[in-house]
>>> print(open('upload.txt').read())   # compact mmCIF, C-alpha atoms
# COMPACT_ATOMS: atom_id res chain seq x y z
CA MET A 12 12.54 46.04 75.98
CA VAL A 13 12.68 42.80 73.99
CA THR A 14 9.93 41.37 76.19
CA PHE A 15 7.81 44.47 75.67
CA GLU A 16 8.19 44.23 71.90
CA PHE A 17 7.48 40.51 71.99
CA ILE A 18 4.21 41.14 73.85
CA LEU A 19 3.21 44.17 71.76
CA TYR A 20 3.82 42.65 68.32
CA GLY A 21 2.58 39.27 69.51
CA PHE A 22 -0.72 40.87 70.48
CA ALA A 23 -0.92 42.57 67.09
CA VAL A 24 -0.60 39.18 65.38
CA LEU A 25 -3.19 37.56 67.63
CA THR A 26 -5.64 40.46 67.27
CA SER A 27 -5.49 40.51 63.50
CA LEU A 28 -5.80 36.71 63.33
CA GLY A 29 -8.79 36.91 65.68
CA CYS A 30 -10.48 39.54 63.51
CA MET A 31 -9.82 37.44 60.43
CA LEU A 32 -11.39 34.35 61.98
CA LEU A 33 -14.43 36.27 63.25
CA LEU A 34 -15.03 37.83 59.85
CA PHE A 35 -14.70 34.47 58.05
CA ARG A 36 -17.11 32.96 60.59
CA ALA A 37 -19.62 35.77 59.96
CA TYR A 38 -19.19 35.38 56.19
CA ALA A 39 -19.87 31.66 56.45
CA ALA A 40 -23.06 32.41 58.39
CA THR A 41 -24.43 35.26 56.26
CA ALA A 42 -22.71 34.97 52.85
CA MET A 43 -22.42 38.78 52.74
CA ARG A 44 -19.53 39.62 50.46
CA LEU A 45 -18.61 42.72 52.44
CA LEU A 46 -17.50 40.34 55.20
CA LEU A 47 -15.44 38.29 52.75
CA TRP A 48 -13.52 41.36 51.56
CA SER A 49 -13.03 42.47 55.15
CA ALA A 50 -11.77 39.01 56.11
CA LEU A 51 -9.32 39.05 53.18
CA CYS A 52 -8.12 42.44 54.40
CA PHE A 53 -7.37 40.90 57.78
CA VAL A 54 -5.57 37.98 56.10
CA CYS A 55 -3.17 40.55 54.66
CA LEU A 56 -2.98 42.49 57.92
CA SER A 57 -2.18 39.23 59.75
CA ILE A 58 0.62 38.55 57.27
CA ASN A 59 1.78 42.12 57.82
CA ASN A 60 1.85 41.63 61.57
CA VAL A 61 3.61 38.26 61.37
CA LEU A 62 6.28 39.86 59.17
CA LEU A 63 6.49 42.75 61.62
CA PHE A 64 7.02 40.29 64.46
CA VAL A 65 9.74 38.44 62.56
CA ASP A 66 11.34 41.67 61.39
CA LEU A 67 11.49 43.45 64.74
CA VAL A 68 11.49 40.67 67.34
CA VAL A 69 12.82 37.41 65.87
CA LEU A 70 15.43 38.67 63.39
CA PRO A 71 15.86 42.38 64.16
CA THR A 72 19.29 42.79 62.59
CA GLU A 73 19.49 39.97 60.09
CA VAL A 74 16.68 40.91 57.68
CA ASP A 75 14.70 43.93 56.52
CA LEU A 76 11.14 42.92 55.69
CA ARG A 77 9.79 46.45 55.43
CA PRO A 78 8.88 46.29 51.68
CA TYR A 79 6.99 43.00 52.19
CA ARG A 80 5.21 44.38 55.27
CA LEU A 81 4.14 47.51 53.44
CA PHE A 82 2.96 45.50 50.44
CA ALA A 83 0.87 43.22 52.67
CA ALA A 84 -0.68 46.24 54.41
CA LEU A 85 -1.41 47.91 51.08
CA ALA A 86 -3.04 44.76 49.70
CA GLY A 87 -5.17 44.46 52.83
CA LEU A 88 -6.37 48.04 52.63
CA LEU A 89 -7.19 47.63 48.94
CA PHE A 90 -9.40 44.62 49.80
CA LEU A 91 -11.16 46.67 52.46
CA LEU A 92 -11.59 49.69 50.19
CA TYR A 93 -13.02 47.51 47.42
CA GLY A 94 -15.46 45.92 49.85
CA PHE A 95 -16.67 49.19 51.29
CA ILE A 96 -17.01 50.89 47.93
CA TRP A 97 -18.68 48.10 45.97
CA GLU A 98 -20.49 46.05 48.58
CA ALA A 99 -21.61 48.51 51.24
CA GLU A 100 -23.71 50.69 48.96
CA MET B 18 -51.40 44.06 53.42
CA GLU B 19 -50.14 42.78 56.78
CA ASP B 20 -46.64 42.92 58.28
CA SER B 21 -46.44 39.15 57.72
CA ALA B 22 -46.47 39.84 53.96
CA PHE B 23 -42.89 41.07 54.38
CA SER B 24 -41.63 37.49 54.38
CA ASP B 25 -37.95 36.56 54.44
CA GLU B 26 -38.15 35.73 50.74
CA PHE B 27 -39.75 39.08 49.89
CA CYS B 28 -37.17 40.92 52.04
CA ARG B 29 -34.35 39.11 50.22
CA PHE B 30 -35.88 40.28 46.94
CA ILE B 31 -35.95 43.87 48.23
CA GLN B 32 -32.39 43.61 49.51
CA THR B 33 -30.98 42.43 46.20
CA CYS B 34 -33.18 44.17 43.63
CA VAL B 35 -34.80 47.20 45.25
CA THR B 36 -32.04 48.97 47.13
CA SER B 37 -33.74 52.38 47.31
CA VAL B 38 -37.14 54.03 46.98
CA ASP B 39 -36.07 55.38 43.58
CA ALA B 40 -35.34 51.84 42.43
CA ALA B 41 -38.80 50.75 43.62
CA GLU B 42 -40.47 53.55 41.64
CA LEU B 43 -38.41 52.69 38.58
CA LEU B 44 -39.32 49.02 38.75
CA LEU B 45 -43.01 49.76 39.28
CA LYS B 46 -42.97 52.15 36.33
CA LEU B 47 -41.59 49.33 34.15
CA ALA B 48 -44.05 46.80 35.54
CA ARG B 49 -47.08 49.01 34.82
CA GLN B 50 -46.38 48.76 31.08
CA PRO B 51 -44.95 45.26 30.63
CA GLU B 52 -45.30 45.26 26.85
CA ARG B 53 -43.38 48.49 26.35
CA TRP B 54 -39.66 48.87 25.65
CA PHE B 55 -38.24 51.94 27.42
CA GLU B 56 -35.21 54.03 26.55
CA PRO B 57 -33.28 54.40 29.85
CA PRO B 58 -33.15 58.25 29.80
CA GLU B 59 -36.84 58.37 28.92
CA LEU B 60 -37.59 56.04 31.81
CA ALA B 61 -35.73 58.29 34.26
CA ARG B 62 -37.44 61.38 32.86
CA SER B 63 -40.86 59.79 33.24
CA LEU B 64 -40.42 59.79 37.03
CA ALA B 65 -39.50 63.49 37.17
CA PRO B 66 -40.09 65.91 38.80
CA ALA B 67 -41.10 63.87 41.85
CA THR B 68 -38.06 61.60 41.50
CA THR B 69 -34.72 62.55 39.99
CA ILE B 70 -32.35 59.71 39.20
CA SER B 71 -28.76 60.28 38.10
CA GLU B 72 -27.37 58.37 35.13
CA ALA B 73 -25.06 56.37 37.38
CA ASP B 74 -27.89 55.36 39.73
CA LEU B 75 -30.13 54.51 36.79
CA ALA B 76 -27.47 52.22 35.32
CA ARG B 77 -26.94 50.58 38.72
CA TYR B 78 -30.64 49.97 39.33
CA LEU B 79 -31.15 48.54 35.84
CA ALA B 80 -28.16 46.23 36.33
CA GLN B 81 -29.70 45.06 39.62
CA PHE B 82 -33.04 44.43 37.90
CA GLN B 83 -31.33 42.48 35.14
CA ALA B 84 -29.26 40.43 37.58
CA GLY B 85 -32.42 39.78 39.60
CA GLY B 86 -34.25 38.43 36.54
CA LEU B 87 -36.79 41.26 36.35
CA VAL B 88 -36.07 42.96 33.05
CA ALA B 89 -34.81 42.23 29.58
CA ILE B 90 -32.29 44.59 28.02
CA GLY B 91 -32.27 44.64 24.23
CA PRO B 92 -29.24 45.08 21.99
CA ASP B 93 -30.29 48.72 21.51
CA LYS B 94 -30.10 49.14 25.34
CA ARG B 95 -33.86 49.52 25.68
CA ILE B 96 -35.51 47.89 28.67
CA GLN B 97 -38.65 45.87 29.08
CA TYR B 98 -40.19 44.47 32.23
CA ARG B 99 -39.85 40.69 31.93
CA PRO B 100 -39.88 38.70 35.17
CA ALA B 101 -37.94 35.47 34.86
CA SER B 102 -40.55 33.44 36.75
CA GLY B 103 -43.91 33.59 38.47
CA THR B 104 -42.11 34.14 41.77
CA HIS B 105 -40.36 37.22 40.40
CA ALA B 106 -43.67 38.58 39.11
CA LYS B 107 -45.34 37.87 42.45
CA HIS B 108 -42.63 39.77 44.31
CA VAL B 109 -43.12 42.79 42.05
CA GLU B 110 -46.89 42.60 42.60
CA MET B 111 -46.26 42.54 46.34
CA LEU B 112 -43.95 45.51 45.97
CA ALA B 113 -46.66 47.43 44.10
CA GLN B 114 -49.20 46.53 46.77
CA ALA B 115 -46.85 47.55 49.58
CA TYR B 116 -46.01 50.82 47.79
CA LYS B 117 -49.72 51.60 47.51
CA GLU B 118 -50.97 50.42 50.89
CA ARG B 119 -47.97 50.53 53.26
CA PRO B 120 -45.47 53.01 51.79
CA VAL B 121 -43.93 54.04 55.12
CA THR B 122 -43.37 50.43 56.16
CA LEU B 123 -41.93 49.61 52.73
CA PHE B 124 -39.50 52.55 52.82
CA ARG B 125 -38.37 51.63 56.31
CA VAL B 126 -37.78 48.03 55.23
CA ILE B 127 -35.83 49.11 52.15
CA TYR B 128 -33.46 51.31 54.15
CA ALA B 129 -33.23 48.93 57.11
CA LEU B 130 -32.15 46.12 54.78
CA ARG B 131 -29.63 48.41 53.13
CA ASP B 132 -28.06 49.15 56.52
CA LEU B 133 -27.91 45.41 57.21
CA LYS B 134 -24.51 45.03 55.55
CA ILE B 135 -22.88 47.56 57.85
CA GLN B 136 -24.68 46.04 60.82
CA SER B 137 -23.44 42.58 59.83
CA PHE B 138 -19.87 43.94 59.77
CA ALA B 139 -20.28 45.23 63.33
CA ASP B 140 -21.99 42.01 64.44
CA ALA B 141 -19.10 39.93 63.06
CA PHE B 142 -16.96 41.12 65.97
CA LYS B 143 -19.37 39.89 68.62
CA LEU B 144 -17.71 36.84 70.12
CA ILE B 145 -20.95 35.46 71.53
CA ARG B 146 -24.05 35.66 69.40
CA LYS B 147 -27.44 36.14 71.01
>>> encode(input="upload.txt", output="structure tokens")
Amino acid sequence: MVTFEFILYGFAVLTSLGCMLLLFRAYAATAMRLLLWSALCFVCLSINNVLLFVDLVVLPTEVDLRPYRLFAALAGLLFLLYGFIWEAE
Amino acid sequence: MEDSAFSDEFCRFIQTCVTSVDAAELLLKLARQPERWFEPPELARSLAPATTISEADLARYLAQFQAGGLVAIGPDKRIQYRPASGTHAKHVEMLAQAYKERPVTLFRVIYALRDLKIQSFADAFKLIRK
């Protein structure tokens, strides 16, 4: 079970980091601000996933990072919402 | 007017300043009377009934024109066509020409460029670019 969680949450971290890097790369190439906001969203989602990994895999009983995880996810979604509302029109 | 007239520079102008057909009509209306100061509601009304522009869209288009160096906005909120440079004026002349001679092509370009942002978001996730 621990191995399964390690793989699952590890993939979540890698996927969100990959999305973040791809979006920053695209922003550097096109300078479209929608991509910048999306990349910043994935920065927060990466932080969220790293915290999730630490919280549930590395230190499952020692700490409770839920408030920090939720805050990071909220911040990420706010970046994305701002980008889609103000830049995609 | 040939397809080649839609240069990268002209397309960038359309993408930043003329984000819809309504915005194009508004800008051309201003440009036809460069000496005149328009009240914003009067400007919107002058395009009716063929074109109806909401207050929010009107404010957004005028802000785009101002940011693009195409109009001057007075302290009383009235607007006058005032291109910041010869290049700006040339782009508006090209827009007028395209609107008159190649309206379908112009409209397609305007909406294609508007969709470009969403397309660029999708393209960002392509690992290998063609």
>>> closest_residue(input="upload.txt", among="A:Phe82, A:Leu70, A:Ala40, A:Ala23", to="chain B", atoms="all atoms listed in the file")
A:Ala40
>>> residues_around(input="upload.txt", residues="Phe82 in chain B", least_positions_apart="4", cutoff="10 Å", atoms="only C-alpha atoms", output="list in words")
Thr33, Cys34, Val35, Ala40, Leu43, Leu44, Ala76, Arg77, Tyr78, Gly86, Leu87, Val88, Ala89, Ile90, Tyr98, Arg99 and Pro100 of chain B
>>> closest_residue(input="upload.txt", among="A:Ala84, A:Phe90, A:Ile96, A:Val68", to="Thr14 in chain A", atoms="only C-alpha atoms")
A:Val68
>>> closest_atom_pairs(input="upload.txt", of="chain B", to="chain A", cutoff="8 Å", atoms="all atoms listed in the file", output="Markdown table")
| residue | atom | partner | partner_atom | distance |
| --- | --- | --- | --- | --- |
| B:Arg131 | CA | A:Glu100 | CA | 7.6 |
| B:Lys134 | CA | A:Ala99 | CA | 6.3 |
| B:Ile135 | CA | A:Ala99 | CA | 6.8 |
| B:Ser137 | CA | A:Ala37 | CA | 7.8 |
| B:Phe138 | CA | A:Leu46 | CA | 6.3 |
| B:Ala141 | CA | A:Ala37 | CA | 5.2 |
| B:Phe142 | CA | A:Leu33 | CA | 6.1 |
| B:Leu144 | CA | A:Leu33 | CA | 7.6 |
>>> write_last_selection(input="upload.txt", atoms="C-alpha atoms", output="short mmCIF file (atom, residue, chain, number, x, y, z; two decimals), keeping the file's coordinate frame")
data_model
loop_
_atom_site.label_atom_id
_atom_site.label_comp_id
_atom_site.auth_asym_id
_atom_site.auth_seq_id
_atom_site.Cartn_x
_atom_site.Cartn_y
_atom_site.Cartn_z
CA ARG B 131 -29.63 48.41 53.13
CA LYS B 134 -24.51 45.03 55.55
CA ILE B 135 -22.88 47.56 57.85
CA SER B 137 -23.44 42.58 59.83
CA PHE B 138 -19.87 43.94 59.77
CA ALA B 141 -19.10 39.93 63.06
CA PHE B 142 -16.96 41.12 65.97
CA LEU B 144 -17.71 36.84 70.12
#
>>> atom_distance(input="upload.txt", atom1="CA of His105 in chain B", atom2="CA of Glu118 in chain B")
19.9 Å
>>> residues_around(input="upload.txt", residues="Ser37 in chain B", least_positions_apart="5", cutoff="12 Å", atoms="all atoms listed in the file", output="ChimeraX atom specification")
/A:100 /B:31-32,42-44,68,70,74-75,77-78,81,123-132
>>> atom_distance(input="upload.txt", atom1="CA of Ile96 in chain B", atom2="CA of Trp54 in chain B")
5.2 Å
